[in-house]
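Have a look at run.txt below; it lists compact mmCIF, C-alpha atoms and all ligand atoms.
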```
# COMPACT_ATOMS: atom_id res chain seq x y z
CA MET A 257 -13.23 -29.08 -47.52
CA ASN A 258 -9.76 -30.59 -47.11
CA ILE A 259 -9.77 -31.74 -43.48
CA LYS A 260 -6.04 -32.59 -43.58
CA LYS A 261 -4.93 -29.14 -44.70
CA ALA A 262 -2.92 -27.37 -41.99
CA ALA A 263 -5.06 -24.95 -39.96
CA ALA A 264 -2.18 -22.48 -39.96
CA ASP A 265 -2.20 -19.56 -37.49
CA TYR A 266 -0.10 -17.49 -39.89
CA PRO A 267 0.05 -17.68 -43.69
CA ILE A 268 2.27 -20.39 -45.20
CA GLN A 269 2.81 -21.68 -48.73
CA LYS A 270 0.03 -23.89 -50.11
CA VAL A 271 2.43 -26.77 -50.73
CA LEU A 272 3.40 -26.81 -47.03
CA ALA A 273 -0.19 -26.57 -45.80
CA GLU A 274 -1.32 -29.40 -48.04
CA ARG A 275 1.42 -31.90 -47.16
CA TRP A 276 0.47 -34.69 -44.81
CA SER A 277 1.51 -38.31 -44.25
CA PRO A 278 -1.11 -40.78 -45.48
CA TYR A 279 -1.35 -44.41 -44.43
CA GLY A 280 -3.44 -45.36 -47.47
CA PHE A 281 -2.09 -45.29 -51.02
CA GLU A 282 -3.83 -45.71 -54.36
CA ASP A 283 -2.83 -48.66 -56.52
CA ARG A 284 -1.23 -46.34 -59.08
CA ALA A 285 2.40 -46.23 -60.17
CA VAL A 286 4.54 -43.11 -59.89
CA SER A 287 6.24 -42.15 -63.16
CA GLU A 288 10.00 -42.47 -63.42
CA ALA A 289 10.16 -38.81 -64.46
CA ASP A 290 8.42 -37.78 -61.22
CA LEU A 291 10.78 -39.96 -59.19
CA ARG A 292 13.81 -38.44 -60.87
CA SER A 293 12.51 -34.97 -59.99
CA LEU A 294 12.00 -35.95 -56.35
CA PHE A 295 15.63 -37.05 -56.06
CA GLU A 296 16.72 -33.97 -57.99
CA ALA A 297 14.92 -31.83 -55.40
CA ALA A 298 16.76 -33.72 -52.64
CA ARG A 299 20.03 -33.16 -54.50
CA TRP A 300 19.70 -29.39 -54.27
CA ALA A 301 19.20 -29.28 -50.51
CA ALA A 302 21.69 -27.30 -48.45
CA SER A 303 24.20 -29.31 -46.43
CA SER A 304 27.00 -28.58 -44.01
CA TYR A 305 30.24 -28.04 -46.01
CA ASN A 306 28.19 -29.12 -49.05
CA GLU A 307 28.93 -32.69 -47.96
CA GLN A 308 25.60 -34.03 -49.33
CA PRO A 309 25.62 -36.97 -46.90
CA TRP A 310 22.33 -38.41 -48.19
CA ASN A 311 22.04 -41.64 -50.19
CA TYR A 312 18.91 -43.49 -51.27
CA LEU A 313 17.92 -47.05 -52.05
CA VAL A 314 14.72 -47.12 -54.06
CA ALA A 315 12.32 -49.90 -54.98
CA THR A 316 9.04 -49.83 -56.85
CA ARG A 317 6.23 -52.37 -56.86
CA GLU A 318 6.91 -52.87 -60.57
CA ASN A 319 9.87 -54.98 -59.41
CA PRO A 320 8.24 -57.15 -56.72
CA GLN A 321 11.48 -58.85 -55.66
CA GLU A 322 13.30 -55.58 -55.00
CA PHE A 323 10.20 -54.12 -53.38
CA LYS A 324 10.03 -57.05 -50.95
CA ARG A 325 13.72 -56.70 -50.04
CA LEU A 326 13.21 -53.08 -49.11
CA LEU A 327 9.86 -53.71 -47.38
CA LEU A 328 11.56 -56.25 -45.10
CA CYS A 329 13.90 -53.49 -43.87
CA LEU A 330 10.91 -51.76 -42.22
CA VAL A 331 9.51 -52.67 -38.80
CA GLU A 332 6.38 -54.83 -39.03
CA ALA A 333 4.00 -52.04 -38.03
CA ASN A 334 5.24 -49.98 -40.97
CA GLN A 335 5.33 -52.92 -43.37
CA ALA A 336 1.61 -53.44 -42.71
CA TRP A 337 0.58 -50.22 -44.48
CA ALA A 338 3.70 -49.31 -46.50
CA LYS A 339 3.35 -52.47 -48.62
CA ALA A 340 0.48 -50.71 -50.48
CA ALA A 341 2.68 -47.79 -51.56
CA PRO A 342 4.02 -48.01 -55.12
CA VAL A 343 7.47 -46.74 -54.11
CA LEU A 344 9.68 -47.30 -51.08
CA VAL A 345 12.88 -45.41 -50.40
CA LEU A 346 15.50 -46.04 -47.75
CA GLY A 347 17.53 -43.01 -46.66
CA VAL A 348 21.15 -43.85 -45.85
CA VAL A 349 23.37 -41.24 -44.23
CA ARG A 350 27.13 -40.91 -44.42
CA LEU A 351 28.14 -40.15 -40.84
CA ARG A 352 31.74 -39.05 -41.53
CA PHE A 353 33.11 -36.35 -43.82
CA ALA A 354 34.43 -37.77 -47.10
CA LYS A 355 37.46 -35.45 -47.03
CA ASN A 356 38.88 -36.19 -43.55
CA ASN A 357 36.86 -39.06 -42.04
CA GLN A 358 35.87 -36.86 -39.06
CA ASP A 359 32.36 -37.14 -37.54
CA ASN A 360 29.84 -35.02 -39.42
CA ARG A 361 27.50 -33.76 -36.70
CA ALA A 362 25.21 -32.24 -39.33
CA ALA A 363 24.79 -35.44 -41.35
CA VAL A 364 21.40 -36.50 -40.01
CA HIS A 365 20.17 -32.91 -40.06
CA ASP A 366 21.14 -32.73 -43.73
CA LEU A 367 19.43 -36.04 -44.56
CA GLY A 368 16.32 -34.41 -43.06
CA LEU A 369 16.77 -31.27 -45.15
CA ALA A 370 17.02 -33.38 -48.31
CA ALA A 371 13.87 -35.21 -47.24
CA GLY A 372 12.16 -31.84 -46.76
CA ASN A 373 13.04 -30.84 -50.33
CA LEU A 374 11.88 -34.19 -51.69
CA VAL A 375 8.59 -34.01 -49.81
CA VAL A 376 7.82 -30.49 -51.02
CA GLU A 377 8.58 -31.47 -54.64
CA ALA A 378 6.35 -34.55 -54.23
CA THR A 379 3.47 -32.51 -52.79
CA ALA A 380 3.69 -29.98 -55.61
CA ARG A 381 3.32 -32.91 -58.03
CA GLY A 382 0.22 -34.28 -56.31
CA LEU A 383 2.18 -37.08 -54.63
CA SER A 384 2.34 -37.93 -50.93
CA VAL A 385 5.24 -39.11 -48.81
CA HIS A 386 5.05 -40.93 -45.48
CA GLN A 387 8.41 -40.88 -43.74
CA MET A 388 9.47 -43.60 -41.29
CA ILE A 389 12.02 -43.95 -38.51
CA GLY A 390 10.68 -47.46 -37.88
CA ILE A 391 13.21 -49.35 -39.94
CA LEU A 392 15.69 -52.18 -39.30
CA PRO A 393 19.14 -50.61 -39.95
CA ASP A 394 21.07 -53.85 -39.33
CA LYS A 395 18.84 -55.74 -41.74
CA ALA A 396 19.33 -52.97 -44.34
CA ARG A 397 23.11 -53.15 -43.88
CA GLU A 398 23.03 -56.88 -44.53
CA VAL A 399 20.60 -56.79 -47.46
CA TYR A 400 22.31 -53.93 -49.31
CA GLN A 401 25.88 -54.32 -48.01
CA ILE A 402 25.90 -50.79 -46.61
CA PRO A 403 29.50 -49.92 -45.68
CA GLU A 404 30.92 -48.79 -42.35
CA HIS A 405 30.21 -45.15 -41.39
CA PHE A 406 27.05 -45.17 -43.47
CA GLU A 407 23.73 -45.97 -41.79
CA ALA A 408 20.20 -46.57 -42.99
CA TRP A 409 18.31 -43.96 -40.96
CA THR A 410 14.81 -43.43 -42.31
CA ALA A 411 12.50 -44.66 -45.04
CA MET A 412 9.76 -43.11 -47.17
CA ALA A 413 6.63 -44.53 -48.73
CA ILE A 414 5.74 -42.50 -51.82
CA GLY A 415 2.63 -42.55 -53.97
CA TYR A 416 -0.84 -41.11 -54.52
CA LYS A 417 -2.88 -40.96 -51.33
CA ALA A 418 -5.99 -43.13 -51.28
CA ASP A 419 -9.52 -41.89 -50.70
CA PRO A 420 -9.90 -42.65 -46.95
CA ALA A 421 -13.51 -43.78 -47.52
CA LYS A 422 -12.15 -46.75 -49.47
CA LEU A 423 -9.68 -47.85 -46.79
CA PRO A 424 -10.09 -50.55 -44.11
CA ASP A 425 -11.38 -49.08 -40.81
CA ALA A 426 -8.04 -48.86 -38.96
CA LEU A 427 -6.34 -46.95 -41.79
CA LYS A 428 -9.44 -44.87 -42.51
CA GLU A 429 -9.46 -43.62 -38.92
CA ARG A 430 -5.78 -42.62 -39.11
CA ASP A 431 -6.17 -40.85 -42.43
CA LEU A 432 -9.26 -38.95 -41.28
CA ALA A 433 -7.76 -37.87 -37.93
CA PRO A 434 -7.30 -34.11 -37.55
CA ARG A 435 -3.73 -32.84 -37.67
CA GLN A 436 -2.42 -31.41 -34.41
CA ARG A 437 0.42 -28.98 -33.80
CA LYS A 438 1.86 -27.08 -30.82
CA PRO A 439 1.37 -23.31 -31.02
CA LEU A 440 4.43 -21.21 -31.96
CA SER A 441 4.55 -19.83 -28.40
CA GLU A 442 5.61 -23.30 -27.17
CA PHE A 443 8.77 -23.41 -29.24
CA VAL A 444 9.75 -19.90 -30.35
CA PHE A 445 11.40 -18.05 -27.46
CA THR A 446 13.10 -14.72 -26.89
CA GLY A 447 15.39 -13.78 -23.98
CA GLN A 448 15.03 -16.96 -21.95
CA TRP A 449 14.29 -20.62 -22.43
CA LYS A 450 10.53 -21.20 -22.55
CA LYS A 451 9.68 -17.48 -22.63
CA PRO A 452 7.46 -17.11 -25.71
CA SER A 453 8.83 -14.59 -28.14
CA PRO A 454 6.63 -11.45 -28.39
CA LEU A 455 6.92 -12.04 -32.12
CA VAL A 456 4.59 -15.00 -31.96
CA LEU A 457 2.09 -13.54 -29.49
CA LYS A 458 0.81 -11.11 -32.12
CA ARG A 459 -1.87 -11.76 -34.70
CA ASP A 460 -1.54 -10.59 -38.26
CA THR A 461 -4.30 -8.24 -39.31
C1 LIG B 501 11.60 -38.60 -39.48
C2 LIG B 501 10.19 -39.13 -39.39
C3 LIG B 501 9.95 -40.41 -38.96
C4 LIG B 501 8.66 -40.94 -38.93
N1 LIG B 501 8.48 -42.27 -38.60
C5 LIG B 501 7.25 -42.82 -38.73
C6 LIG B 501 7.09 -44.22 -38.59
O1 LIG B 501 8.06 -44.99 -38.39
N2 LIG B 501 5.85 -44.73 -38.73
C7 LIG B 501 4.76 -43.94 -38.98
O2 LIG B 501 3.65 -44.48 -39.10
N3 LIG B 501 4.88 -42.61 -39.16
C8 LIG B 501 6.10 -42.02 -39.05
N4 LIG B 501 6.28 -40.68 -39.27
C9 LIG B 501 5.11 -39.84 -39.64
C10 LIG B 501 4.74 -38.92 -38.49
O3 LIG B 501 4.05 -39.65 -37.51
C11 LIG B 501 3.90 -37.74 -39.04
O4 LIG B 501 4.70 -36.96 -39.90
C12 LIG B 501 3.37 -36.86 -37.90
O5 LIG B 501 2.42 -37.56 -37.13
C13 LIG B 501 2.72 -35.59 -38.42
O6 LIG B 501 1.70 -35.89 -39.33
P1 LIG B 501 1.68 -35.26 -40.80
O7 LIG B 501 2.97 -35.66 -41.48
O8 LIG B 501 0.49 -35.89 -41.48
O9 LIG B 501 1.56 -33.79 -40.67
C14 LIG B 501 7.55 -40.13 -39.29
C15 LIG B 501 7.79 -38.82 -39.71
C16 LIG B 501 9.09 -38.32 -39.78
C17 LIG B 501 9.33 -36.91 -40.27
```

Translate this file's structure into structure tokens.
Ligand SMILES: Cc1cc2nc3c(=O)[nH]c(=O)nc-3n(C[C@H](O)[C@H](O)[C@H](O)COP(=O)(O)O)c2cc1C
Amino acid sequence: MNIKKAAADYPIQKVLAERWSPYGFEDRAVSEADLRSLFEAARWAASSYNEQPWNYLVATRENPQEFKRLLLCLVEANQAWAKAAPVLVLGVVRLRFAKNNQDNRAAVHDLGLAAGNLVVEATARGLSVHQMIGILPDKAREVYQIPEHFEAWTAMAIGYKADPAKLPDALKERDLAPRQRKPLSEFVFTGQWKKPSPLVLKRDT
């Protein structure tokens, strides 16, 4: 039995149910072809005004120097486990529209949508992605000379999830923990804030 598979109350696609964020990664490289497809999936995400405000810096363990530079842009708590992943990616968002330099209020939303596409593509390929907000944006700006109005926002560790049984205790515990979610009635409302929508109080037969 796959203990990490979503215990969904209503049917969802297999690829969504099977996605989760591991702390342990196998010592196995990800092919360049797979990585290209992950970024291709991100490329085809929807975005406000088709602005495509996402940008990525990528480093693999095959290039230890580059990998270290990117690793050092994560907070220490994330470095501790992410260093075992074969691939690290920094997500950098363009916060202003290219055409008129006005604030793009959808920019971070759209970076998230692109991440969603990338994660689904990765899961379908047997890969796992662990996203991170725990990064050091100022460090990233300095290391990669990220220009004004662009900001490193999130990172991703990508690879093949490890067998939890083979992990050190602290990581094993995290990767064996059951996955928790709020019920739909706590966030899908109709008519009034906090009033659960009748739609989500029904069971499917
Ligand atoms: C935008 C974003 C930022 C996250 N930041 C971190 C992080 O800095 N460190 C970490 O260990 N996990 C991080 N996570 C992973 C979440 O804790 C994880 O997705 C959540 O607990 C749900 O677990 P699941 O992905 O296995 O379903 C982040 C996830 C997302 C989507």

Work out how far CA of Lys428 in chain A is from CA of Lys324 in chain A, in Å to one decimal.
24.5 Å

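Note that CA of Leu330 in chain A and CA of Leu272 in chain A are 26.5 Å apart.
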
Could the residues of chain A that have an atom at most 9 Å from ligand LIG 501 (chain B) be listed as CSV, each with its closest atom pair and the distance in Å to one decimal, counting all atoms listed in the file and ordered by chain and ascending residue number?
```
residue,atom,partner,partner_atom,distance
A:Lys260,CA,B:LIG501,O8,7.6
A:Lys261,CA,B:LIG501,O9,8.9
A:Ala262,CA,B:LIG501,O9,7.9
A:Arg275,CA,B:LIG501,O9,6.8
A:Trp276,CA,B:LIG501,O8,3.5
A:Ser277,CA,B:LIG501,O8,3.8
A:Pro278,CA,B:LIG501,O8,6.5
A:Tyr279,CA,B:LIG501,O2,7.3
A:Leu330,CA,B:LIG501,O1,8.3
A:Val331,CA,B:LIG501,O1,7.8
A:Ala333,CA,B:LIG501,N2,7.6
A:Asn334,CA,B:LIG501,N2,5.7
A:Trp337,CA,B:LIG501,O2,8.4
A:Ala338,CA,B:LIG501,O2,8.8
A:Gly368,CA,B:LIG501,C1,7.3
A:Ala371,CA,B:LIG501,C17,8.5
A:Gly372,CA,B:LIG501,C17,8.7
A:Val385,CA,B:LIG501,O7,8.4
A:His386,CA,B:LIG501,C9,5.9
A:Gln387,CA,B:LIG501,C15,4.6
A:Met388,CA,B:LIG501,N1,3.2
A:Ile389,CA,B:LIG501,N1,3.9
A:Gly390,CA,B:LIG501,O1,3.6
A:Ile391,CA,B:LIG501,O1,6.9
A:Trp409,CA,B:LIG501,C1,8.7
A:Thr410,CA,B:LIG501,C1,6.5
A:Ala411,CA,B:LIG501,C3,7.8
A:Met412,CA,B:LIG501,C4,8.6
A:Asp431,CA,B:LIG501,O8,8.4
A:Pro434,CA,B:LIG501,O8,8.9
A:Arg435,CA,B:LIG501,O9,6.2
A:Gln436,CA,B:LIG501,C13,7.7
A:Arg437,CA,B:LIG501,C13,8.4
```

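Here CA of Asp265 in chain A and CA of Lys458 in chain A stand 10.5 Å from one another.
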
Rows by chain and residue number, range 402-448 of chain A within 12 Å of range 287-303 of chain A, shortest pair, all atoms listed in the file, as a Markdown table:
```
| residue | atom | partner | partner_atom | distance |
| --- | --- | --- | --- | --- |
| A:Met412 | CA | A:Leu294 | CA | 11.9 |
| A:Ile414 | CA | A:Leu291 | CA | 9.3 |
| A:Gly415 | CA | A:Ser287 | CA | 9.9 |
| A:Tyr416 | CA | A:Ser287 | CA | 11.2 |
```

Counting all atoms listed in the file, note down every residue that has an atom within 12 Å of the point (18.7, -31.6, -40.7) (file coordinates), as JSON, numbers by chain.
{"A": [301, 302, 303, 304, 308, 309, 310, 349, 360, 361, 362, 363, 364, 365, 366, 367, 368, 369, 370, 371, 372, 373]}

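Of the listed residues (A:Asp425, A:Ala408, A:Val375, A:Ala413), A:Ala413 comes nearest to Val345 in chain A; the distances count all atoms listed in the file.
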
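Each of A:Pro454, A:Pro439, A:Pro420, A:Gly280 was compared to Tyr266 in chain A using all atoms listed in the file, and A:Pro439 turns out to be the nearest.
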
Pull the closest atom pair for each residue of range 350-391 of chain A that gets at most 8 Å from range 401-405 of chain A, along with the distance in Å to one decimal, counting all atoms listed in the file, ordering rows by chain and then ascending residue number, as a Markdown table.
```
| residue | atom | partner | partner_atom | distance |
| --- | --- | --- | --- | --- |
| A:Arg350 | CA | A:His405 | CA | 6.1 |
| A:Leu351 | CA | A:His405 | CA | 5.4 |
| A:Arg352 | CA | A:His405 | CA | 6.3 |
```

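Checking A:Glu307, A:Glu407, A:Glu282, A:Glu442 one by one against Leu423 in chain A, counting only C-alpha atoms, you find the shortest gap at A:Glu282.
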
Excluding range 312-314 of chain A and its own-chain neighbours fewer than 6 positions away, which residues fall within 6 Å of it when counting all atoms listed in the file? Please give them as a ChimeraX atom specification.
/A:344-348

Exercise: Pro342 in chain A partners within 6 Å, all atoms listed in the file, chain neighbours under 2 positions left out, as a PDB file with C-alpha atoms, in the frame of the given file:
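As a result, out.pdb now contains:
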```pdb
ATOM      1  CA  ALA A 285       2.400 -46.230 -60.170  1.00  0.00           C
ATOM      2  CA  THR A 316       9.040 -49.830 -56.850  1.00  0.00           C
ATOM      3  CA  ARG A 317       6.230 -52.370 -56.860  1.00  0.00           C
ATOM      4  CA  GLY A 415       2.630 -42.550 -53.970  1.00  0.00           C
TER       5      GLY A 415
END
```
